[in-house]
Structure formats: C-alpha cells, structure tokens
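Source file: query.json; contents: JSON, C-alpha atoms.
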[["chain", "number", "residue", "atom", "x", "y", "z"],
["V", 38, "MET", "CA", -6.51, 20.35, -16.90],
["V", 39, "ARG", "CA", -7.23, 22.99, -14.27],
["V", 40, "GLY", "CA", -10.63, 22.54, -12.65],
["V", 41, "PRO", "CA", -12.01, 25.43, -10.58],
["V", 42, "LEU", "CA", -13.68, 23.06, -8.13],
["V", 43, "VAL", "CA", -10.39, 21.30, -7.47],
["V", 44, "THR", "CA", -8.58, 24.60, -7.03],
["V", 45, "LEU", "CA", -11.19, 25.69, -4.50],
["V", 46, "ALA", "CA", -10.85, 22.40, -2.64],
["V", 47, "VAL", "CA", -7.09, 22.80, -2.43],
["V", 48, "LEU", "CA", -7.34, 26.39, -1.20],
["V", 49, "LEU", "CA", -9.90, 25.46, 1.42],
["V", 50, "ALA", "CA", -7.74, 22.60, 2.60],
["V", 51, "LEU", "CA", -4.69, 24.81, 2.88],
["V", 52, "THR", "CA", -6.58, 27.19, 5.14],
["V", 53, "GLY", "CA", -7.42, 24.33, 7.49],
["V", 54, "SER", "CA", -11.02, 23.63, 6.56],
["V", 55, "LEU", "CA", -10.26, 19.90, 6.32],
["V", 56, "GLY", "CA", -9.00, 19.59, 9.88],
["V", 57, "ALA", "CA", -10.95, 17.40, 12.26],
["V", 58, "GLY", "CA", -13.32, 19.24, 14.56],
["V", 59, "PRO", "CA", -14.47, 18.35, 18.08],
["V", 60, "GLY", "CA", -16.20, 14.98, 18.15],
["V", 61, "ASP", "CA", -14.94, 13.94, 14.71],
["V", 62, "ALA", "CA", -13.13, 10.65, 14.12],
["V", 63, "PRO", "CA", -9.34, 10.80, 14.55],
["V", 64, "PRO", "CA", -7.48, 11.90, 11.40],
["V", 65, "LEU", "CA", -6.89, 9.03, 8.99],
["V", 66, "PRO", "CA", -3.12, 8.78, 9.70],
["V", 67, "ASP", "CA", -3.88, 8.18, 13.38],
["V", 68, "ARG", "CA", -6.01, 5.18, 12.39],
["V", 69, "MET", "CA", -3.34, 3.58, 10.18],
["V", 70, "ALA", "CA", -1.06, 0.73, 11.14],
["V", 71, "ASP", "CA", 1.97, 2.61, 9.76],
["V", 72, "THR", "CA", 2.63, 6.01, 8.21],
["V", 73, "GLY", "CA", 6.23, 5.46, 7.16],
["V", 74, "GLY", "CA", 7.87, 7.13, 10.13],
["V", 75, "GLY", "CA", 7.98, 10.63, 8.69],
["V", 76, "SER", "CA", 5.93, 13.75, 9.33],
["V", 77, "GLN", "CA", 4.30, 13.96, 5.89],
["V", 78, "LEU", "CA", 1.94, 11.42, 4.34],
["V", 79, "ILE", "CA", -0.18, 11.19, 1.19],
["V", 80, "THR", "CA", -3.26, 8.96, 1.33],
["V", 81, "ALA", "CA", -4.98, 7.70, -1.82],
["V", 82, "GLN", "CA", -8.27, 6.14, -0.78],
["V", 83, "ALA", "CA", -10.96, 4.43, -2.86],
["V", 84, "PRO", "CA", -14.35, 3.09, -1.73],
["V", 85, "ASP", "CA", -13.49, -0.51, -2.74],
["V", 86, "THR", "CA", -11.22, -2.54, -5.01],
["V", 87, "GLY", "CA", -13.56, -2.11, -7.97],
["V", 88, "SER", "CA", -13.42, 1.68, -7.80],
["V", 89, "THR", "CA", -11.64, 3.83, -10.33],
["V", 90, "THR", "CA", -12.08, 7.07, -8.38],
["V", 91, "GLY", "CA", -11.49, 8.23, -4.83],
["V", 92, "THR", "CA", -9.62, 10.89, -2.89],
["V", 93, "VAL", "CA", -6.00, 11.90, -2.42],
["V", 94, "THR", "CA", -5.21, 13.84, 0.76],
["V", 95, "TRP", "CA", -1.83, 15.11, 1.85],
["V", 96, "TRP", "CA", -1.16, 15.29, 5.59],
["V", 97, "GLU", "CA", 1.50, 16.70, 7.88],
["V", 98, "ARG", "CA", 2.35, 16.70, 11.56],
["V", 99, "ARG", "CA", 1.56, 20.04, 13.19],
["V", 100, "GLY", "CA", 2.12, 20.52, 16.89],
["V", 101, "GLY", "CA", 2.31, 16.79, 17.43],
["V", 102, "ALA", "CA", -0.93, 16.00, 15.56],
["V", 103, "TRP", "CA", -1.80, 15.04, 11.99],
["V", 104, "ALA", "CA", -3.63, 17.68, 9.96],
["V", 105, "ALA", "CA", -4.77, 17.73, 6.33],
["V", 106, "ALA", "CA", -2.81, 20.15, 4.17],
["V", 107, "GLY", "CA", -4.84, 19.54, 1.00],
["V", 108, "SER", "CA", -7.18, 17.17, -0.80],
["V", 109, "ALA", "CA", -8.31, 16.44, -4.34],
["V", 110, "PRO", "CA", -10.33, 13.87, -6.29],
["V", 111, "ALA", "CA", -8.22, 10.95, -7.48],
["V", 112, "ARG", "CA", -8.32, 8.38, -10.26],
["V", 113, "PHE", "CA", -7.08, 4.80, -10.03],
["V", 114, "GLY", "CA", -6.52, 1.89, -12.39],
["V", 115, "ALA", "CA", -9.11, 1.05, -15.02],
["V", 116, "ARG", "CA", -9.68, -2.27, -13.22],
["V", 117, "GLY", "CA", -9.60, -0.82, -9.75],
["V", 118, "LEU", "CA", -7.11, -1.67, -7.02],
["V", 119, "ALA", "CA", -5.25, -4.84, -6.02],
["V", 120, "GLU", "CA", -3.11, -5.90, -3.07],
["V", 121, "GLY", "CA", 0.38, -4.68, -3.88],
["V", 122, "ALA", "CA", 2.14, -7.78, -2.54],
["V", 123, "THR", "CA", 0.40, -10.04, -5.03],
["V", 124, "ARG", "CA", -0.48, -7.69, -7.90],
["V", 125, "ARG", "CA", 0.42, -8.81, -11.43],
["V", 126, "GLN", "CA", 1.78, -6.62, -14.19],
["V", 127, "GLY", "CA", -0.56, -5.70, -17.02],
["V", 128, "THR", "CA", -3.75, -5.95, -14.96],
["V", 129, "ASN", "CA", -4.52, -2.20, -15.02],
["V", 130, "THR", "CA", -4.88, -2.22, -11.23],
["V", 131, "THR", "CA", -3.42, 0.24, -8.75],
["V", 132, "PRO", "CA", -1.30, -1.53, -6.10],
["V", 133, "THR", "CA", -2.38, -0.97, -2.50],
["V", 134, "GLY", "CA", 0.17, -0.56, 0.28],
["V", 135, "LEU", "CA", 2.50, 1.95, 1.91],
["V", 136, "TYR", "CA", 5.36, 3.22, -0.26],
["V", 137, "ASP", "CA", 8.13, 5.79, -0.26],
["V", 138, "LEU", "CA", 8.47, 8.45, -2.95],
["V", 139, "PRO", "CA", 11.96, 8.13, -4.48],
["V", 140, "TYR", "CA", 11.90, 11.28, -6.64],
["V", 141, "ALA", "CA", 9.80, 13.59, -8.78],
["V", 142, "PHE", "CA", 9.93, 14.14, -12.53],
["V", 143, "GLY", "CA", 8.15, 15.93, -15.31],
["V", 144, "ILE", "CA", 7.97, 17.12, -18.88],
["V", 145, "GLU", "CA", 7.77, 20.69, -17.59],
["V", 146, "GLU", "CA", 9.99, 22.45, -15.08],
["V", 147, "ALA", "CA", 9.37, 21.66, -11.42],
["V", 148, "PRO", "CA", 6.65, 23.78, -9.80],
["V", 149, "ALA", "CA", 7.91, 26.65, -7.65],
["V", 150, "GLY", "CA", 8.84, 25.42, -4.18],
["V", 151, "THR", "CA", 9.62, 21.83, -5.21],
["V", 152, "ALA", "CA", 12.20, 20.38, -2.80],
["V", 153, "SER", "CA", 12.14, 16.75, -3.97],
["V", 154, "ARG", "CA", 14.85, 15.58, -6.34],
["V", 155, "TYR", "CA", 13.41, 16.36, -9.77],
["V", 156, "ARG", "CA", 14.29, 14.81, -13.12],
["V", 157, "ARG", "CA", 13.32, 16.64, -16.27],
["V", 158, "VAL", "CA", 11.95, 14.43, -19.05],
["V", 159, "THR", "CA", 13.69, 14.60, -22.43],
["V", 160, "ASP", "CA", 13.10, 12.84, -25.74],
["V", 161, "ARG", "CA", 15.61, 10.21, -24.57],
["V", 162, "SER", "CA", 13.75, 9.40, -21.34],
["V", 163, "TRP", "CA", 12.06, 6.00, -20.99],
["V", 164, "TRP", "CA", 10.69, 3.89, -18.16],
["V", 165, "CYS", "CA", 11.61, 0.25, -18.73],
["V", 166, "GLN", "CA", 8.86, -2.29, -17.98],
["V", 167, "ASP", "CA", 10.46, -5.20, -19.81],
["V", 168, "ASN", "CA", 10.63, -8.21, -17.47],
["V", 169, "GLU", "CA", 13.67, -9.53, -19.34],
["V", 170, "SER", "CA", 15.69, -6.34, -18.97],
["V", 171, "THR", "CA", 18.34, -5.57, -16.37],
["V", 172, "SER", "CA", 16.73, -2.10, -16.21],
["V", 173, "TYR", "CA", 13.28, -3.39, -15.20],
["V", 174, "ASN", "CA", 11.25, -0.72, -13.38],
["V", 175, "ARG", "CA", 13.85, 1.98, -13.90],
["V", 176, "TRP", "CA", 14.21, 5.29, -15.71],
["V", 177, "VAL", "CA", 16.65, 4.86, -18.60],
["V", 178, "GLU", "CA", 18.29, 7.31, -21.01],
["V", 179, "PRO", "CA", 18.51, 6.23, -23.77],
["V", 180, "LEU", "CA", 16.54, 3.01, -24.11],
["V", 181, "PRO", "CA", 19.04, 0.15, -23.54],
["V", 182, "ALA", "CA", 19.40, -2.70, -26.02],
["V", 183, "ASP", "CA", 17.85, -5.24, -23.63],
["V", 184, "CYS", "CA", 14.66, -3.20, -23.05],
["V", 185, "ARG", "CA", 12.14, -3.52, -25.87],
["V", 186, "ALA", "CA", 10.41, -0.26, -26.81],
["V", 187, "GLU", "CA", 7.01, -1.98, -26.80],
["V", 188, "GLU", "CA", 7.70, -2.93, -23.17],
["V", 189, "ALA", "CA", 8.64, 0.59, -22.07],
["V", 190, "GLU", "CA", 7.05, 4.01, -21.72],
["V", 191, "HIS", "CA", 8.48, 6.91, -23.71],
["V", 192, "LEU", "CA", 7.91, 9.47, -20.97],
["V", 193, "ALA", "CA", 7.78, 12.51, -23.24],
["V", 194, "ALA", "CA", 4.78, 11.01, -25.06],
["V", 195, "TYR", "CA", 2.59, 11.14, -21.96],
["V", 196, "ARG", "CA", 1.31, 14.67, -21.82],
["V", 197, "PRO", "CA", -0.52, 15.86, -19.74],
["V", 198, "GLN", "CA", -0.03, 12.86, -17.41],
["V", 199, "TYR", "CA", 3.71, 13.35, -16.91],
["V", 200, "THR", "CA", 3.67, 17.11, -16.91],
["V", 201, "HIS", "CA", 4.54, 16.61, -13.23],
["V", 202, "ALA", "CA", 4.76, 13.33, -11.32],
["V", 203, "LEU", "CA", 6.15, 11.53, -8.28],
["V", 204, "VAL", "CA", 7.60, 8.03, -8.51],
["V", 205, "ILE", "CA", 5.74, 5.66, -6.14],
["V", 206, "GLY", "CA", 8.18, 3.16, -4.65],
["V", 207, "PHE", "CA", 6.07, 0.12, -5.54],
["V", 208, "ASN", "CA", 8.28, -2.85, -6.55],
["V", 209, "TYR", "CA", 11.18, -0.42, -6.78],
["V", 210, "ASP", "CA", 13.97, -1.23, -4.33],
["V", 211, "ARG", "CA", 14.18, -4.94, -5.18],
["V", 212, "PRO", "CA", 11.97, -5.38, -8.24],
["V", 213, "VAL", "CA", 10.07, -8.64, -8.61],
["V", 214, "ARG", "CA", 9.62, -9.52, -12.28],
["V", 215, "GLY", "CA", 5.96, -9.64, -13.25],
["V", 216, "ARG", "CA", 4.80, -7.63, -10.24],
["V", 217, "GLY", "CA", 4.57, -4.33, -12.07],
["V", 218, "ALA", "CA", 6.56, -1.27, -13.09],
["V", 219, "GLY", "CA", 6.10, 2.43, -13.62],
["V", 220, "ILE", "CA", 3.62, 3.28, -10.86],
["V", 221, "PHE", "CA", 3.42, 7.04, -10.33],
["V", 222, "LEU", "CA", 1.33, 9.81, -8.80],
["V", 223, "HIS", "CA", 0.73, 12.04, -11.81],
["V", 224, "VAL", "CA", -1.59, 14.51, -13.53],
["V", 225, "ASN", "CA", -4.96, 13.31, -14.78],
["V", 226, "GLY", "CA", -5.34, 12.07, -18.31],
["V", 227, "ARG", "CA", -8.68, 11.45, -20.01],
["V", 228, "GLY", "CA", -9.94, 8.80, -17.61],
["V", 229, "ALA", "CA", -8.83, 5.98, -15.34],
["V", 230, "THR", "CA", -5.15, 5.06, -15.27],
["V", 231, "ALA", "CA", -3.23, 1.92, -16.22],
["V", 232, "GLY", "CA", -2.37, 1.42, -12.54],
["V", 233, "CYS", "CA", -1.09, 4.76, -11.32],
["V", 234, "VAL", "CA", -2.82, 7.31, -9.10],
["V", 235, "SER", "CA", -3.71, 10.59, -10.78],
["V", 236, "VAL", "CA", -5.00, 13.98, -9.64],
["V", 237, "PRO", "CA", -5.82, 17.30, -11.33],
["V", 238, "ALA", "CA", -2.88, 19.44, -12.45],
["V", 239, "ASP", "CA", -3.33, 22.06, -9.73],
["V", 240, "ALA", "CA", -3.30, 19.39, -7.03],
["V", 241, "MET", "CA", -0.17, 17.74, -8.43],
["V", 242, "ALA", "CA", 1.68, 21.06, -8.44],
["V", 243, "ALA", "CA", 0.52, 21.73, -4.88],
["V", 244, "ILE", "CA", 1.75, 18.31, -3.72],
["V", 245, "LEU", "CA", 5.20, 18.87, -5.24],
["V", 246, "ALA", "CA", 5.48, 22.30, -3.63],
["V", 247, "TRP", "CA", 4.42, 20.79, -0.29],
["V", 248, "ALA", "CA", 6.50, 17.59, -0.19],
["V", 249, "ASP", "CA", 9.69, 17.95, 1.85],
["V", 250, "PRO", "CA", 12.21, 15.07, 1.60],
["V", 251, "GLY", "CA", 13.51, 16.01, 5.06],
["V", 252, "ARG", "CA", 10.09, 15.06, 6.46],
["V", 253, "ARG", "CA", 10.20, 11.60, 4.83],
["V", 254, "PRO", "CA", 6.89, 11.67, 2.94],
["V", 255, "HIS", "CA", 5.22, 8.37, 2.01],
["V", 256, "ILE", "CA", 2.08, 7.42, 0.14],
["V", 257, "ALA", "CA", -0.54, 4.95, 1.37],
["V", 258, "VAL", "CA", -2.95, 3.49, -1.17],
["V", 259, "GLY", "CA", -5.99, 1.52, -0.08],
["V", 260, "THR", "CA", -9.74, 1.14, 0.25],
["V", 261, "ASP", "CA", -12.27, 2.22, 2.85],
["V", 262, "SER", "CA", -12.48, -1.27, 4.35],
["V", 263, "GLY", "CA", -11.74, -4.96, 3.80],
["V", 264, "PRO", "CA", -8.40, -6.75, 3.24],
["V", 265, "THR", "CA", -7.00, -3.75, 1.34],
["V", 266, "ALA", "CA", -8.26, -1.13, 3.82],
["V", 267, "ILE", "CA", -5.89, 1.81, 3.93],
["V", 268, "THR", "CA", -5.77, 1.60, 7.72],
["V", 269, "ARG", "CA", -4.10, -1.85, 7.49],
["V", 270, "TYR", "CA", -0.95, -0.42, 5.87]]
Here is the file; what I need is its structure written in the form of structure tokens.
Amino acid sequence: MRGPLVTLAVLLALTGSLGAGPGDAPPLPDRMADTGGGSQLITAQAPDTGSTTGTVTWWERRGGAWAAAGSAPARFGARGLAEGATRRQGTNTTPTGLYDLPYAFGIEEAPAGTASRYRRVTDRSWWCQDNESTSYNRWVEPLPADCRAEEAEHLAAYRPQYTHALVIGFNYDRPVRGRGAGIFLHVNGRGATAGCVSVPADAMAAILAWADPGRRPHIAVGTDSGPTAITRY
C-alpha cells in the first residue's frame, strides 16, 4: 500500500518543509500539556471524535525546539475516537490520551534503521483480548488455554496491517478489564480501524526507522478541540 502522495509528503517533511515559519503558531508539542518527557513525539490528530481520518506527525527536539520530522494521513476507529480513561472494549473507537510505545513488531523483518525492540510475528503469535484471561492485553505464543481464540487476534492473519507496527501503551501496564486491548500504530488496511491508528506503509517504515528508544518517544492521540483535544494530554 505505497501511495506516491504519501511518499512525497514524507520526503518533504524530512527536508524540513513542515517546520513552523515566522509568525506561525508554536509547534503542536509546545501547545500540549505533556509530551512524555522525551525528545521524540508522535501526534495522531483528528478533527473531532466522530472522525475516522486525520493526521499523524512525528516530532523531535532539534536545538532545543520541536520540529516535525514527517507527516502522513491517518485512519482511526470506525466509530471515531473516545476518551481513553473511560473507553470501553468492542466500541471500535480509538482511545485518546498520551501513551508510551513499549515495542515494535511485524510480519516482515524490521525496516532498516529500526532501533526499537522488535518482535517478529510467527504462526504461533496471538494478542489476547479475552477479559477472563491472565494474559489480557498481551502478546502470547502459543495461545494459552485460558484465552479463547475468538477473543484474540492471530497476528499473522492481519496482513498488510501488521506488516509493521508499534504497540501503543494504552491499558498496558496495569490492564483494566473491559477497557480495551490490542491498540497499535500499524499499516493501513482497507478502511477505518477497529480502534488502532493506521498510516500508509511508507510512513510506518519511516516512523520505525526514526524512533529512538533512547529519546523516549510517546504517542499523543486526540482531536483538534473539546474535551479530547490533543493539547490537553
């Protein structure tokens, strides 16, 4: 799923065309309540909570200031976005909030330059979403007895989506049953997602080559304004 317009957008961004010029508003990270404390940040921004499309931009600190390193069109949940702290599983909404990025994974080998910890998907790889399982919201190999297959994702079956992906740390460290599981930044499928954030394949590869765990990258998901405005996170 390699779109020439997306490739052009990424190349232009990498040459600095997305940087703020004189008189422009401060870069988005400067207007946010929190950026996670690192020097890299991904923002996934939608016009409003009913939107299924928006923009992903990846930012980094350069010379003490935030600058855009790349940008691409994004897709969100089929039913839009919802506040991450109160989101419910199975609603097909993308959770808003600020999250870490525990590790990357994919059906294919990691793109050249990938520094994040990367797990290669095999036929035995599953993501458990069963609220009754001790492995809720975790990668498992093989599928454990207490995680029903109908309540889990067989990762190898999701191509092109999981060709390359980053785990979004939503409901991850201390999972709350019923809040939601398996929220990723991944490659576009045919349309809106079931709750993840997706971007074109070229953009996903560029993000993985750019992300540096030593710079503590995070992802912020939100809307242009309102209670779920990205600047509130």
Option closest in space to V:Cys233, from V:Phe142, V:Tyr209, V:Phe113, V:Tyr173 [counting all atoms listed in the file]: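 That would be V:Phe113, the residue with the smallest distance to V:Cys233.
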Computed interatomic separation between atom CA of V:Pro254 and atom CA of V:Asp167 (Å):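 Distance between the two atoms: 28.5 Å.
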Among listed residues V:Gln166, V:Thr260, V:Thr268, V:Gln198, nearest V:Ala238 (using all atoms listed in the file):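 When distances to V:Ala238 are compared using all atoms listed in the file, the smallest one comes from V:Gln198.
When only C-alpha atoms are used to measure the gap to V:Gly259, the shortest distance among V:Ala81, V:Ser108, V:Glu178, V:Arg227 belongs to V:Ala81.
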Close residues, V:Arg98 itself excluded, 9 Å, all atoms listed in the file, min 6 positions apart in chain, as a PyMOL selection string: chain V and resi 75-78+104-105
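These residues, each with an atom at most 10 Å from (-8.5, 8.4, -16.3) using only C-alpha atoms, are Thr89, Thr90, Ala111, Arg112, Phe113, Gly114, Ala115, Gln198, Val224, Asn225, Gly226, Arg227, Gly228, Ala229, Thr230, Ala231, Cys233, Val234, Ser235 and Val236 of chain V.
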Would you write out those residues with C-alpha atoms, as a PDB file, keeping the file's coordinate frame?
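In the end it all went to again-v7.pdb:
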ATOM      1  CA  THR V  89     -11.640   3.830 -10.330  1.00  0.00           C
ATOM      2  CA  THR V  90     -12.080   7.070  -8.380  1.00  0.00           C
ATOM      3  CA  ALA V 111      -8.220  10.950  -7.480  1.00  0.00           C
ATOM      4  CA  ARG V 112      -8.320   8.380 -10.260  1.00  0.00           C
ATOM      5  CA  PHE V 113      -7.080   4.800 -10.030  1.00  0.00           C
ATOM      6  CA  GLY V 114      -6.520   1.890 -12.390  1.00  0.00           C
ATOM      7  CA  ALA V 115      -9.110   1.050 -15.020  1.00  0.00           C
ATOM      8  CA  GLN V 198      -0.030  12.860 -17.410  1.00  0.00           C
ATOM      9  CA  VAL V 224      -1.590  14.510 -13.530  1.00  0.00           C
ATOM     10  CA  ASN V 225      -4.960  13.310 -14.780  1.00  0.00           C
ATOM     11  CA  GLY V 226      -5.340  12.070 -18.310  1.00  0.00           C
ATOM     12  CA  ARG V 227      -8.680  11.450 -20.010  1.00  0.00           C
ATOM     13  CA  GLY V 228      -9.940   8.800 -17.610  1.00  0.00           C
ATOM     14  CA  ALA V 229      -8.830   5.980 -15.340  1.00  0.00           C
ATOM     15  CA  THR V 230      -5.150   5.060 -15.270  1.00  0.00           C
ATOM     16  CA  ALA V 231      -3.230   1.920 -16.220  1.00  0.00           C
ATOM     17  CA  CYS V 233      -1.090   4.760 -11.320  1.00  0.00           C
ATOM     18  CA  VAL V 234      -2.820   7.310  -9.100  1.00  0.00           C
ATOM     19  CA  SER V 235      -3.710  10.590 -10.780  1.00  0.00           C
ATOM     20  CA  VAL V 236      -5.000  13.980  -9.640  1.00  0.00           C
TER      21      VAL V 236
END
From V:Gly121, V:Gly107, V:Pro64, V:Pro250, residue lying nearest V:Gly215 [only C-alpha atoms]: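 The shortest atom-to-atom distance to V:Gly215 comes from V:Gly121.
Here the question is which of V:Leu203, V:Val258, V:Ala194, V:Ala186 gets nearest to V:Ala147 using only C-alpha atoms, and that residue is V:Leu203.
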Between atom CA of V:Ala257 and atom CA of V:Ala152 - distance in Å to one decimal: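 Spanning atom CA of V:Ala152 to atom CA of V:Ala257 is a straight-line distance of 20.4 Å.
If you measure from each of V:Leu65, V:Ala119, V:Ala149, V:Leu138 to V:Asp210 using all atoms listed in the file, the closest one turns out to be V:Leu138.
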